[in-house]
file run39.cif (mmCIF, N, CA and C atoms)
data_run
#
loop_
_atom_site.label_atom_id
_atom_site.label_comp_id
_atom_site.auth_asym_id
_atom_site.auth_seq_id
_atom_site.Cartn_x
_atom_site.Cartn_y
_atom_site.Cartn_z
N MET A 292 21.16 91.64 -65.46
CA MET A 292 20.51 90.37 -65.29
C MET A 292 19.53 90.14 -66.42
N SER A 293 19.61 88.96 -66.90
CA SER A 293 18.69 88.63 -67.97
C SER A 293 17.63 87.65 -67.47
N GLY A 294 16.85 87.02 -68.31
CA GLY A 294 15.68 86.20 -68.01
C GLY A 294 15.84 85.18 -66.89
N PRO A 295 16.72 84.16 -66.99
CA PRO A 295 16.80 83.13 -65.96
C PRO A 295 17.34 83.67 -64.65
N GLU A 296 18.22 84.65 -64.69
CA GLU A 296 18.77 85.19 -63.46
C GLU A 296 17.73 85.99 -62.70
N VAL A 297 16.87 86.70 -63.40
CA VAL A 297 15.83 87.50 -62.76
C VAL A 297 14.82 86.60 -62.07
N ALA A 298 14.50 85.45 -62.63
CA ALA A 298 13.52 84.52 -62.06
C ALA A 298 14.01 83.93 -60.75
N LYS A 299 15.35 83.82 -60.56
CA LYS A 299 15.89 83.22 -59.36
C LYS A 299 15.99 84.20 -58.21
N THR A 300 15.94 85.49 -58.46
CA THR A 300 16.06 86.46 -57.39
C THR A 300 14.73 86.62 -56.68
N PRO A 301 14.78 86.93 -55.36
CA PRO A 301 13.52 87.14 -54.65
C PRO A 301 12.81 88.36 -55.18
N GLY A 302 11.54 88.18 -55.45
CA GLY A 302 10.73 89.28 -55.93
C GLY A 302 10.88 89.50 -57.40
N GLY A 303 11.75 88.82 -58.05
CA GLY A 303 11.93 89.04 -59.47
C GLY A 303 11.36 87.89 -60.26
N GLY A 304 10.48 88.12 -61.17
CA GLY A 304 9.90 87.10 -62.04
C GLY A 304 9.05 86.13 -61.25
N GLY A 305 8.69 85.05 -61.87
CA GLY A 305 7.86 84.04 -61.21
C GLY A 305 6.45 84.53 -61.00
N THR A 306 5.74 83.86 -60.19
CA THR A 306 4.35 84.21 -59.92
C THR A 306 4.30 85.29 -58.86
N PRO A 307 3.48 86.29 -59.06
CA PRO A 307 3.40 87.35 -58.05
C PRO A 307 2.75 86.84 -56.76
N GLY A 308 3.34 87.22 -55.62
CA GLY A 308 2.77 86.84 -54.33
C GLY A 308 3.23 85.48 -53.85
N LYS A 309 4.01 84.75 -54.59
CA LYS A 309 4.45 83.40 -54.18
C LYS A 309 5.97 83.36 -54.25
N GLU A 310 6.61 84.19 -53.49
CA GLU A 310 8.05 84.26 -53.52
C GLU A 310 8.67 82.96 -53.02
N GLY A 311 9.43 82.29 -53.84
CA GLY A 311 10.17 81.10 -53.45
C GLY A 311 9.33 79.84 -53.32
N LYS A 312 8.03 79.87 -53.52
CA LYS A 312 7.19 78.67 -53.42
C LYS A 312 6.81 78.21 -54.81
N GLU A 313 7.02 76.93 -55.04
CA GLU A 313 6.65 76.38 -56.33
C GLU A 313 5.35 75.60 -56.16
N PRO A 314 4.45 75.70 -57.11
CA PRO A 314 3.20 74.94 -56.99
C PRO A 314 3.46 73.44 -57.12
N VAL A 315 2.69 72.65 -56.38
CA VAL A 315 2.79 71.19 -56.42
C VAL A 315 1.89 70.72 -57.54
N ALA A 316 2.04 69.48 -57.97
CA ALA A 316 1.31 68.96 -59.12
C ALA A 316 -0.21 69.05 -58.94
N ASN A 317 -0.74 68.94 -57.71
CA ASN A 317 -2.18 68.98 -57.51
C ASN A 317 -2.72 70.40 -57.41
N GLY A 318 -1.87 71.38 -57.56
CA GLY A 318 -2.33 72.76 -57.54
C GLY A 318 -2.29 73.41 -56.18
N HIS A 319 -1.86 72.69 -55.14
CA HIS A 319 -1.77 73.24 -53.80
C HIS A 319 -0.32 73.34 -53.39
N GLY A 320 -0.04 74.30 -52.55
CA GLY A 320 1.32 74.49 -52.08
C GLY A 320 1.72 73.40 -51.08
N GLU A 321 3.01 73.27 -50.83
CA GLU A 321 3.49 72.23 -49.93
C GLU A 321 3.02 72.43 -48.50
N GLY A 322 2.91 73.64 -48.03
CA GLY A 322 2.53 73.93 -46.66
C GLY A 322 1.04 73.80 -46.41
N GLU A 323 0.23 73.76 -47.46
CA GLU A 323 -1.22 73.69 -47.29
C GLU A 323 -1.65 72.29 -46.87
N ALA A 324 -2.74 72.21 -46.09
CA ALA A 324 -3.26 70.91 -45.65
C ALA A 324 -3.81 70.15 -46.84
N ASN A 325 -3.79 68.84 -46.72
CA ASN A 325 -4.31 67.99 -47.79
C ASN A 325 -5.82 68.21 -47.90
N PRO A 326 -6.31 68.63 -49.06
CA PRO A 326 -7.75 68.89 -49.18
C PRO A 326 -8.59 67.62 -49.09
N PHE A 327 -7.96 66.46 -49.23
CA PHE A 327 -8.70 65.20 -49.18
C PHE A 327 -8.51 64.48 -47.85
N ALA A 328 -8.00 65.17 -46.85
CA ALA A 328 -7.71 64.55 -45.56
C ALA A 328 -8.95 63.92 -44.93
N GLU A 329 -10.09 64.59 -45.07
CA GLU A 329 -11.30 64.06 -44.46
C GLU A 329 -11.82 62.81 -45.16
N TYR A 330 -11.31 62.52 -46.34
CA TYR A 330 -11.74 61.33 -47.08
C TYR A 330 -10.71 60.19 -47.03
N MET A 331 -9.63 60.39 -46.29
CA MET A 331 -8.56 59.40 -46.27
C MET A 331 -9.00 58.08 -45.61
N TRP A 332 -10.01 58.11 -44.74
CA TRP A 332 -10.49 56.89 -44.11
C TRP A 332 -11.05 55.92 -45.15
N MET A 333 -11.49 56.46 -46.29
CA MET A 333 -12.05 55.61 -47.33
C MET A 333 -10.99 54.73 -47.98
N GLU A 334 -9.76 55.10 -47.81
CA GLU A 334 -8.67 54.33 -48.38
C GLU A 334 -8.67 52.90 -47.82
N ASN A 335 -8.98 52.76 -46.54
CA ASN A 335 -9.02 51.46 -45.88
C ASN A 335 -10.43 51.10 -45.45
N GLU A 336 -11.41 51.44 -46.26
CA GLU A 336 -12.80 51.24 -45.90
C GLU A 336 -13.14 49.76 -45.70
N GLU A 337 -12.62 48.88 -46.54
CA GLU A 337 -12.92 47.46 -46.40
C GLU A 337 -12.36 46.91 -45.09
N GLU A 338 -11.15 47.30 -44.75
CA GLU A 338 -10.54 46.87 -43.49
C GLU A 338 -11.36 47.39 -42.29
N TYR A 339 -11.78 48.64 -42.38
CA TYR A 339 -12.58 49.25 -41.31
C TYR A 339 -13.91 48.51 -41.16
N ASN A 340 -14.58 48.23 -42.28
CA ASN A 340 -15.86 47.51 -42.24
C ASN A 340 -15.69 46.12 -41.64
N ARG A 341 -14.61 45.42 -42.00
CA ARG A 341 -14.35 44.10 -41.47
C ARG A 341 -14.14 44.16 -39.96
N GLN A 342 -13.40 45.15 -39.51
CA GLN A 342 -13.11 45.30 -38.09
C GLN A 342 -14.39 45.61 -37.30
N VAL A 343 -15.23 46.49 -37.82
CA VAL A 343 -16.49 46.83 -37.14
C VAL A 343 -17.40 45.61 -37.11
N GLU A 344 -17.45 44.85 -38.20
CA GLU A 344 -18.29 43.66 -38.24
C GLU A 344 -17.82 42.62 -37.22
N GLU A 345 -16.50 42.44 -37.09
CA GLU A 345 -15.97 41.52 -36.09
C GLU A 345 -16.35 41.95 -34.68
N GLU A 346 -16.28 43.24 -34.40
CA GLU A 346 -16.64 43.74 -33.08
C GLU A 346 -18.12 43.50 -32.79
N LEU A 347 -18.98 43.72 -33.79
CA LEU A 347 -20.41 43.48 -33.60
C LEU A 347 -20.71 42.00 -33.37
N LEU A 348 -20.04 41.13 -34.13
CA LEU A 348 -20.25 39.69 -33.95
C LEU A 348 -19.76 39.24 -32.58
N GLU A 349 -18.65 39.78 -32.13
CA GLU A 349 -18.12 39.44 -30.81
C GLU A 349 -19.09 39.89 -29.71
N GLN A 350 -19.63 41.09 -29.87
CA GLN A 350 -20.58 41.60 -28.87
C GLN A 350 -21.83 40.72 -28.84
N GLU A 351 -22.34 40.33 -30.00
CA GLU A 351 -23.52 39.47 -30.07
C GLU A 351 -23.23 38.11 -29.44
N PHE A 352 -22.04 37.56 -29.70
CA PHE A 352 -21.65 36.28 -29.12
C PHE A 352 -21.61 36.35 -27.60
N LEU A 353 -21.03 37.43 -27.07
CA LEU A 353 -20.95 37.59 -25.61
C LEU A 353 -22.34 37.70 -25.00
N GLU A 354 -23.24 38.42 -25.66
CA GLU A 354 -24.60 38.55 -25.14
C GLU A 354 -25.30 37.20 -25.12
N ARG A 355 -25.12 36.39 -26.20
CA ARG A 355 -25.74 35.06 -26.22
C ARG A 355 -25.17 34.17 -25.12
N CYS A 356 -23.86 34.20 -24.93
CA CYS A 356 -23.23 33.38 -23.88
C CYS A 356 -23.74 33.78 -22.50
N PHE A 357 -23.86 35.08 -22.27
CA PHE A 357 -24.33 35.57 -20.98
C PHE A 357 -25.77 35.11 -20.74
N GLN A 358 -26.61 35.17 -21.78
CA GLN A 358 -28.01 34.75 -21.64
C GLN A 358 -28.09 33.25 -21.38
N GLU A 359 -27.27 32.46 -22.07
CA GLU A 359 -27.25 31.01 -21.83
C GLU A 359 -26.81 30.71 -20.40
N MET A 360 -25.83 31.45 -19.90
CA MET A 360 -25.36 31.25 -18.54
C MET A 360 -26.48 31.54 -17.55
N LEU A 361 -27.23 32.61 -17.78
CA LEU A 361 -28.35 32.94 -16.89
C LEU A 361 -29.43 31.87 -16.95
N ASP A 362 -29.71 31.36 -18.15
CA ASP A 362 -30.72 30.31 -18.29
C ASP A 362 -30.29 29.03 -17.56
N GLU A 363 -29.02 28.65 -17.69
CA GLU A 363 -28.52 27.47 -16.99
C GLU A 363 -28.58 27.65 -15.48
N GLU A 364 -28.27 28.85 -15.03
CA GLU A 364 -28.31 29.14 -13.59
C GLU A 364 -29.73 29.01 -13.07
N ASP A 365 -30.71 29.50 -13.85
CA ASP A 365 -32.11 29.39 -13.44
C ASP A 365 -32.53 27.92 -13.34
N GLN A 366 -32.04 27.08 -14.24
CA GLN A 366 -32.41 25.66 -14.21
C GLN A 366 -31.76 24.94 -13.04
N ASP A 367 -30.55 25.34 -12.68
CA ASP A 367 -29.83 24.66 -11.61
C ASP A 367 -30.36 25.00 -10.22
N TRP A 368 -30.88 26.17 -10.04
CA TRP A 368 -31.36 26.59 -8.72
C TRP A 368 -32.71 25.94 -8.44
N PHE A 369 -32.89 25.50 -7.20
CA PHE A 369 -34.15 24.90 -6.77
C PHE A 369 -35.06 25.99 -6.23
N ILE A 370 -36.17 26.20 -6.91
CA ILE A 370 -37.15 27.20 -6.49
C ILE A 370 -38.44 26.44 -6.19
N PRO A 371 -38.81 26.32 -4.91
CA PRO A 371 -39.97 25.51 -4.55
C PRO A 371 -41.25 25.91 -5.28
N SER A 372 -41.53 27.17 -5.40
CA SER A 372 -42.77 27.59 -6.04
C SER A 372 -42.81 27.17 -7.50
N ARG A 373 -41.66 27.02 -8.12
CA ARG A 373 -41.62 26.65 -9.53
C ARG A 373 -41.42 25.14 -9.70
N ASP A 374 -40.59 24.55 -8.87
CA ASP A 374 -40.15 23.18 -9.10
C ASP A 374 -40.99 22.10 -8.39
N LEU A 375 -41.77 22.47 -7.37
CA LEU A 375 -42.57 21.48 -6.65
C LEU A 375 -43.99 21.46 -7.18
N PRO A 376 -44.65 20.27 -7.11
CA PRO A 376 -46.06 20.21 -7.52
C PRO A 376 -46.92 21.07 -6.61
N ALA A 377 -48.14 21.36 -7.04
CA ALA A 377 -49.02 22.29 -6.33
C ALA A 377 -49.36 21.84 -4.91
N GLY A 378 -49.62 20.55 -4.66
CA GLY A 378 -50.04 20.07 -3.34
C GLY A 378 -48.92 20.02 -2.32
N VAL A 379 -47.70 20.16 -2.73
CA VAL A 379 -46.56 20.04 -1.81
C VAL A 379 -46.53 21.23 -0.84
N GLY A 380 -47.04 22.35 -1.23
CA GLY A 380 -47.06 23.53 -0.35
C GLY A 380 -47.86 23.26 0.92
N GLN A 381 -48.98 22.58 0.78
CA GLN A 381 -49.80 22.25 1.95
C GLN A 381 -49.05 21.28 2.87
N ILE A 382 -48.40 20.29 2.28
CA ILE A 382 -47.65 19.31 3.08
C ILE A 382 -46.50 20.01 3.80
N GLN A 383 -45.87 20.93 3.13
CA GLN A 383 -44.76 21.66 3.75
C GLN A 383 -45.25 22.48 4.94
N GLN A 384 -46.42 23.09 4.83
CA GLN A 384 -46.98 23.85 5.94
C GLN A 384 -47.29 22.92 7.12
N GLN A 385 -47.82 21.74 6.83
CA GLN A 385 -48.13 20.79 7.90
C GLN A 385 -46.86 20.32 8.59
N LEU A 386 -45.80 20.07 7.82
CA LEU A 386 -44.54 19.64 8.41
C LEU A 386 -43.94 20.74 9.28
N ASN A 387 -44.08 21.97 8.86
CA ASN A 387 -43.56 23.09 9.65
C ASN A 387 -44.29 23.20 10.99
N GLY A 388 -45.55 22.78 11.01
CA GLY A 388 -46.33 22.85 12.25
C GLY A 388 -46.00 21.75 13.24
N LEU A 389 -45.35 20.70 12.80
CA LEU A 389 -45.01 19.58 13.69
C LEU A 389 -43.77 19.92 14.52
N SER A 390 -43.75 19.42 15.75
CA SER A 390 -42.58 19.59 16.59
C SER A 390 -42.47 18.40 17.54
N VAL A 391 -41.30 18.19 18.06
CA VAL A 391 -41.05 17.10 19.01
C VAL A 391 -40.86 17.74 20.38
N SER A 392 -41.64 17.27 21.35
CA SER A 392 -41.51 17.85 22.69
C SER A 392 -40.43 17.10 23.47
N ASP A 393 -39.83 17.75 24.44
CA ASP A 393 -38.76 17.15 25.23
C ASP A 393 -39.28 16.00 26.09
N ALA A 394 -40.51 16.07 26.59
CA ALA A 394 -41.06 15.03 27.46
C ALA A 394 -41.16 13.71 26.71
N SER A 395 -41.54 13.71 25.48
CA SER A 395 -41.70 12.46 24.74
C SER A 395 -40.33 11.83 24.43
N THR A 396 -39.27 12.63 24.27
CA THR A 396 -37.94 12.05 24.02
C THR A 396 -37.45 11.32 25.26
N GLU A 397 -37.76 11.82 26.46
CA GLU A 397 -37.35 11.13 27.69
C GLU A 397 -38.07 9.79 27.80
N ASP A 398 -39.33 9.75 27.42
CA ASP A 398 -40.09 8.50 27.45
C ASP A 398 -39.49 7.49 26.48
N ILE A 399 -39.10 7.95 25.34
CA ILE A 399 -38.51 7.06 24.34
C ILE A 399 -37.20 6.47 24.85
N VAL A 400 -36.40 7.30 25.52
CA VAL A 400 -35.12 6.82 26.03
C VAL A 400 -35.34 5.79 27.13
N ARG A 401 -36.30 6.00 28.02
CA ARG A 401 -36.57 5.06 29.11
C ARG A 401 -37.08 3.72 28.58
N LYS A 402 -37.89 3.75 27.56
CA LYS A 402 -38.49 2.53 27.03
C LYS A 402 -37.57 1.83 26.04
N SER A 403 -36.44 2.39 25.70
CA SER A 403 -35.54 1.85 24.70
C SER A 403 -34.89 0.56 25.17
N SER A 404 -34.68 -0.39 24.28
CA SER A 404 -34.02 -1.64 24.61
C SER A 404 -32.57 -1.64 24.12
N LEU A 405 -32.05 -0.50 23.71
CA LEU A 405 -30.67 -0.41 23.25
C LEU A 405 -29.71 -0.37 24.42
N ASN A 406 -28.51 -0.92 24.24
CA ASN A 406 -27.49 -0.95 25.28
C ASN A 406 -26.63 0.31 25.16
N PRO A 407 -26.69 1.22 26.13
CA PRO A 407 -25.88 2.44 26.04
C PRO A 407 -24.40 2.18 26.21
N GLU A 408 -24.02 0.99 26.74
CA GLU A 408 -22.62 0.66 26.95
C GLU A 408 -22.01 -0.08 25.75
N ALA A 409 -22.80 -0.31 24.70
CA ALA A 409 -22.32 -1.08 23.55
C ALA A 409 -21.27 -0.30 22.78
N LYS A 410 -20.38 -1.05 22.10
CA LYS A 410 -19.36 -0.42 21.27
C LYS A 410 -20.03 0.21 20.04
N GLU A 411 -19.33 1.17 19.50
CA GLU A 411 -19.84 1.86 18.31
C GLU A 411 -19.78 0.92 17.10
N PHE A 412 -20.84 0.92 16.32
CA PHE A 412 -20.90 0.06 15.14
C PHE A 412 -20.01 0.60 14.04
N VAL A 413 -19.16 -0.30 13.53
CA VAL A 413 -18.30 0.06 12.41
C VAL A 413 -18.55 -0.97 11.32
N PRO A 414 -19.01 -0.57 10.18
CA PRO A 414 -19.32 -1.53 9.10
C PRO A 414 -18.06 -2.31 8.70
N GLY A 415 -18.21 -3.62 8.50
CA GLY A 415 -17.11 -4.47 8.04
C GLY A 415 -16.28 -5.04 9.17
N VAL A 416 -16.46 -4.60 10.42
CA VAL A 416 -15.68 -5.09 11.54
C VAL A 416 -16.55 -6.07 12.34
N LYS A 417 -15.99 -7.26 12.60
CA LYS A 417 -16.75 -8.26 13.38
C LYS A 417 -16.23 -8.27 14.82
N TYR A 418 -17.19 -8.39 15.79
CA TYR A 418 -16.84 -8.36 17.21
C TYR A 418 -16.90 -9.74 17.78
#
call {"tool": "encode", "arguments": {"input": "run39.cif", "output": "structure tokens"}}
result
Amino acid sequence: MSGPEVAKTPGGGGTPGKEGKEPVANGHGEGEANPFAEYMWMENEEEYNRQVEEELLEQEFLERCFQEMLDEEDQDWFIPSRDLPAGVGQIQQQLNGLSVSDASTEDIVRKSSLNPEAKEFVPGVKY
């Protein structure tokens, strides 16, 4: 066996310790992990930044919408302590203290000049 034949045989010629493996152009073997794997995300950095920015803008938009919804809800609800003038609280307490007794309703019915046998009033109908 001469020069080229010896290089093709296992263990003969070539680089010692690398039987049958040829070095790749970047100096690493084919089976070795890519030494730049941890930096591969930088390849699409602009796309990644755009996507993150869109997510942040969407989150901010949702927060603003939610806050506006809460503000509108607060305006729509009637809260007496907030929405009524100061003196109305006293009037409300006085109204709560008033009541109608059953004896006075009987007096009103007896003194009434209304006809209990009259037909029911219907607007637009002439009798």
call {"tool": "axis_aligned_box", "arguments": {"input": "run39.cif", "around": "range 405-416 of chain A", "padding_each_side": "8 Å", "output": "AutoDock Vina command-line options"}}
result
--center_x -23.9 --center_y -1.8 --center_z 17.5 --size_x 32.4 --size_y 24.5 --size_z 34.9
call {"tool": "atom_distance", "arguments": {"input": "run39.cif", "atom1": "CA of Glu334 in chain A", "atom2": "CA of Glu351 in chain A"}}
result
27.9 Å
call {"tool": "atom_distance", "arguments": {"input": "run39.cif", "atom1": "atom N of Arg401 in chain A", "atom2": "atom C of Lys417 in chain A"}}
result
27.9 Å
call {"tool": "atom_distance", "arguments": {"input": "run39.cif", "atom1": "CA of Tyr339 in chain A", "atom2": "atom N of Ala324 in chain A"}}
result
25.4 Å
call {"tool": "build_atoms", "arguments": {"input": "run39.cif", "residues": "range 362-379 of chain A", "atoms": "N, CA, C and O atoms", "output": "PDB file, in the frame of the given file"}}
result
ATOM      1  N   ASP A 362     -29.710  31.360 -18.150  1.00  0.00           N
ATOM      2  CA  ASP A 362     -30.720  30.310 -18.290  1.00  0.00           C
ATOM      3  C   ASP A 362     -30.290  29.030 -17.560  1.00  0.00           C
ATOM      4  O   ASP A 362     -31.100  28.397 -16.880  1.00  0.00           O
ATOM      5  N   GLU A 363     -29.020  28.650 -17.690  1.00  0.00           N
ATOM      6  CA  GLU A 363     -28.520  27.470 -16.990  1.00  0.00           C
ATOM      7  C   GLU A 363     -28.580  27.650 -15.480  1.00  0.00           C
ATOM      8  O   GLU A 363     -28.925  26.737 -14.736  1.00  0.00           O
ATOM      9  N   GLU A 364     -28.270  28.850 -15.030  1.00  0.00           N
ATOM     10  CA  GLU A 364     -28.310  29.140 -13.590  1.00  0.00           C
ATOM     11  C   GLU A 364     -29.730  29.010 -13.070  1.00  0.00           C
ATOM     12  O   GLU A 364     -29.956  28.470 -11.991  1.00  0.00           O
ATOM     13  N   ASP A 365     -30.710  29.500 -13.850  1.00  0.00           N
ATOM     14  CA  ASP A 365     -32.110  29.390 -13.440  1.00  0.00           C
ATOM     15  C   ASP A 365     -32.530  27.920 -13.340  1.00  0.00           C
ATOM     16  O   ASP A 365     -33.301  27.552 -12.448  1.00  0.00           O
ATOM     17  N   GLN A 366     -32.040  27.080 -14.240  1.00  0.00           N
ATOM     18  CA  GLN A 366     -32.410  25.660 -14.210  1.00  0.00           C
ATOM     19  C   GLN A 366     -31.760  24.940 -13.040  1.00  0.00           C
ATOM     20  O   GLN A 366     -32.346  24.035 -12.471  1.00  0.00           O
ATOM     21  N   ASP A 367     -30.550  25.340 -12.680  1.00  0.00           N
ATOM     22  CA  ASP A 367     -29.830  24.660 -11.610  1.00  0.00           C
ATOM     23  C   ASP A 367     -30.360  25.000 -10.220  1.00  0.00           C
ATOM     24  O   ASP A 367     -30.276  24.180  -9.317  1.00  0.00           O
ATOM     25  N   TRP A 368     -30.880  26.170 -10.040  1.00  0.00           N
ATOM     26  CA  TRP A 368     -31.360  26.590  -8.720  1.00  0.00           C
ATOM     27  C   TRP A 368     -32.710  25.940  -8.440  1.00  0.00           C
ATOM     28  O   TRP A 368     -33.568  25.850  -9.296  1.00  0.00           O
ATOM     29  N   PHE A 369     -32.890  25.500  -7.200  1.00  0.00           N
ATOM     30  CA  PHE A 369     -34.150  24.900  -6.770  1.00  0.00           C
ATOM     31  C   PHE A 369     -35.060  25.990  -6.230  1.00  0.00           C
ATOM     32  O   PHE A 369     -34.749  26.643  -5.240  1.00  0.00           O
ATOM     33  N   ILE A 370     -36.170  26.200  -6.910  1.00  0.00           N
ATOM     34  CA  ILE A 370     -37.150  27.200  -6.490  1.00  0.00           C
ATOM     35  C   ILE A 370     -38.440  26.440  -6.190  1.00  0.00           C
ATOM     36  O   ILE A 370     -39.097  25.948  -7.117  1.00  0.00           O
ATOM     37  N   PRO A 371     -38.810  26.320  -4.910  1.00  0.00           N
ATOM     38  CA  PRO A 371     -39.970  25.510  -4.550  1.00  0.00           C
ATOM     39  C   PRO A 371     -41.250  25.910  -5.280  1.00  0.00           C
ATOM     40  O   PRO A 371     -41.993  25.035  -5.726  1.00  0.00           O
ATOM     41  N   SER A 372     -41.530  27.170  -5.400  1.00  0.00           N
ATOM     42  CA  SER A 372     -42.770  27.590  -6.040  1.00  0.00           C
ATOM     43  C   SER A 372     -42.810  27.170  -7.500  1.00  0.00           C
ATOM     44  O   SER A 372     -43.883  26.953  -8.056  1.00  0.00           O
ATOM     45  N   ARG A 373     -41.660  27.020  -8.120  1.00  0.00           N
ATOM     46  CA  ARG A 373     -41.620  26.650  -9.530  1.00  0.00           C
ATOM     47  C   ARG A 373     -41.420  25.140  -9.700  1.00  0.00           C
ATOM     48  O   ARG A 373     -42.014  24.531 -10.585  1.00  0.00           O
ATOM     49  N   ASP A 374     -40.590  24.550  -8.870  1.00  0.00           N
ATOM     50  CA  ASP A 374     -40.150  23.180  -9.100  1.00  0.00           C
ATOM     51  C   ASP A 374     -40.990  22.100  -8.390  1.00  0.00           C
ATOM     52  O   ASP A 374     -40.888  20.938  -8.734  1.00  0.00           O
ATOM     53  N   LEU A 375     -41.770  22.470  -7.370  1.00  0.00           N
ATOM     54  CA  LEU A 375     -42.570  21.480  -6.650  1.00  0.00           C
ATOM     55  C   LEU A 375     -43.990  21.460  -7.180  1.00  0.00           C
ATOM     56  O   LEU A 375     -44.511  22.482  -7.614  1.00  0.00           O
ATOM     57  N   PRO A 376     -44.650  20.270  -7.110  1.00  0.00           N
ATOM     58  CA  PRO A 376     -46.060  20.210  -7.520  1.00  0.00           C
ATOM     59  C   PRO A 376     -46.920  21.070  -6.610  1.00  0.00           C
ATOM     60  O   PRO A 376     -46.525  21.439  -5.510  1.00  0.00           O
ATOM     61  N   ALA A 377     -48.140  21.360  -7.040  1.00  0.00           N
ATOM     62  CA  ALA A 377     -49.020  22.290  -6.330  1.00  0.00           C
ATOM     63  C   ALA A 377     -49.360  21.840  -4.910  1.00  0.00           C
ATOM     64  O   ALA A 377     -49.414  22.651  -3.996  1.00  0.00           O
ATOM     65  N   GLY A 378     -49.620  20.550  -4.660  1.00  0.00           N
ATOM     66  CA  GLY A 378     -50.040  20.070  -3.340  1.00  0.00           C
ATOM     67  C   GLY A 378     -48.920  20.020  -2.320  1.00  0.00           C
ATOM     68  O   GLY A 378     -49.168  19.879  -1.116  1.00  0.00           O
ATOM     69  N   VAL A 379     -47.700  20.160  -2.730  1.00  0.00           N
ATOM     70  CA  VAL A 379     -46.560  20.040  -1.810  1.00  0.00           C
ATOM     71  C   VAL A 379     -46.530  21.230  -0.840  1.00  0.00           C
ATOM     72  O   VAL A 379     -46.079  21.085   0.294  1.00  0.00           O
TER      73      VAL A 379
END
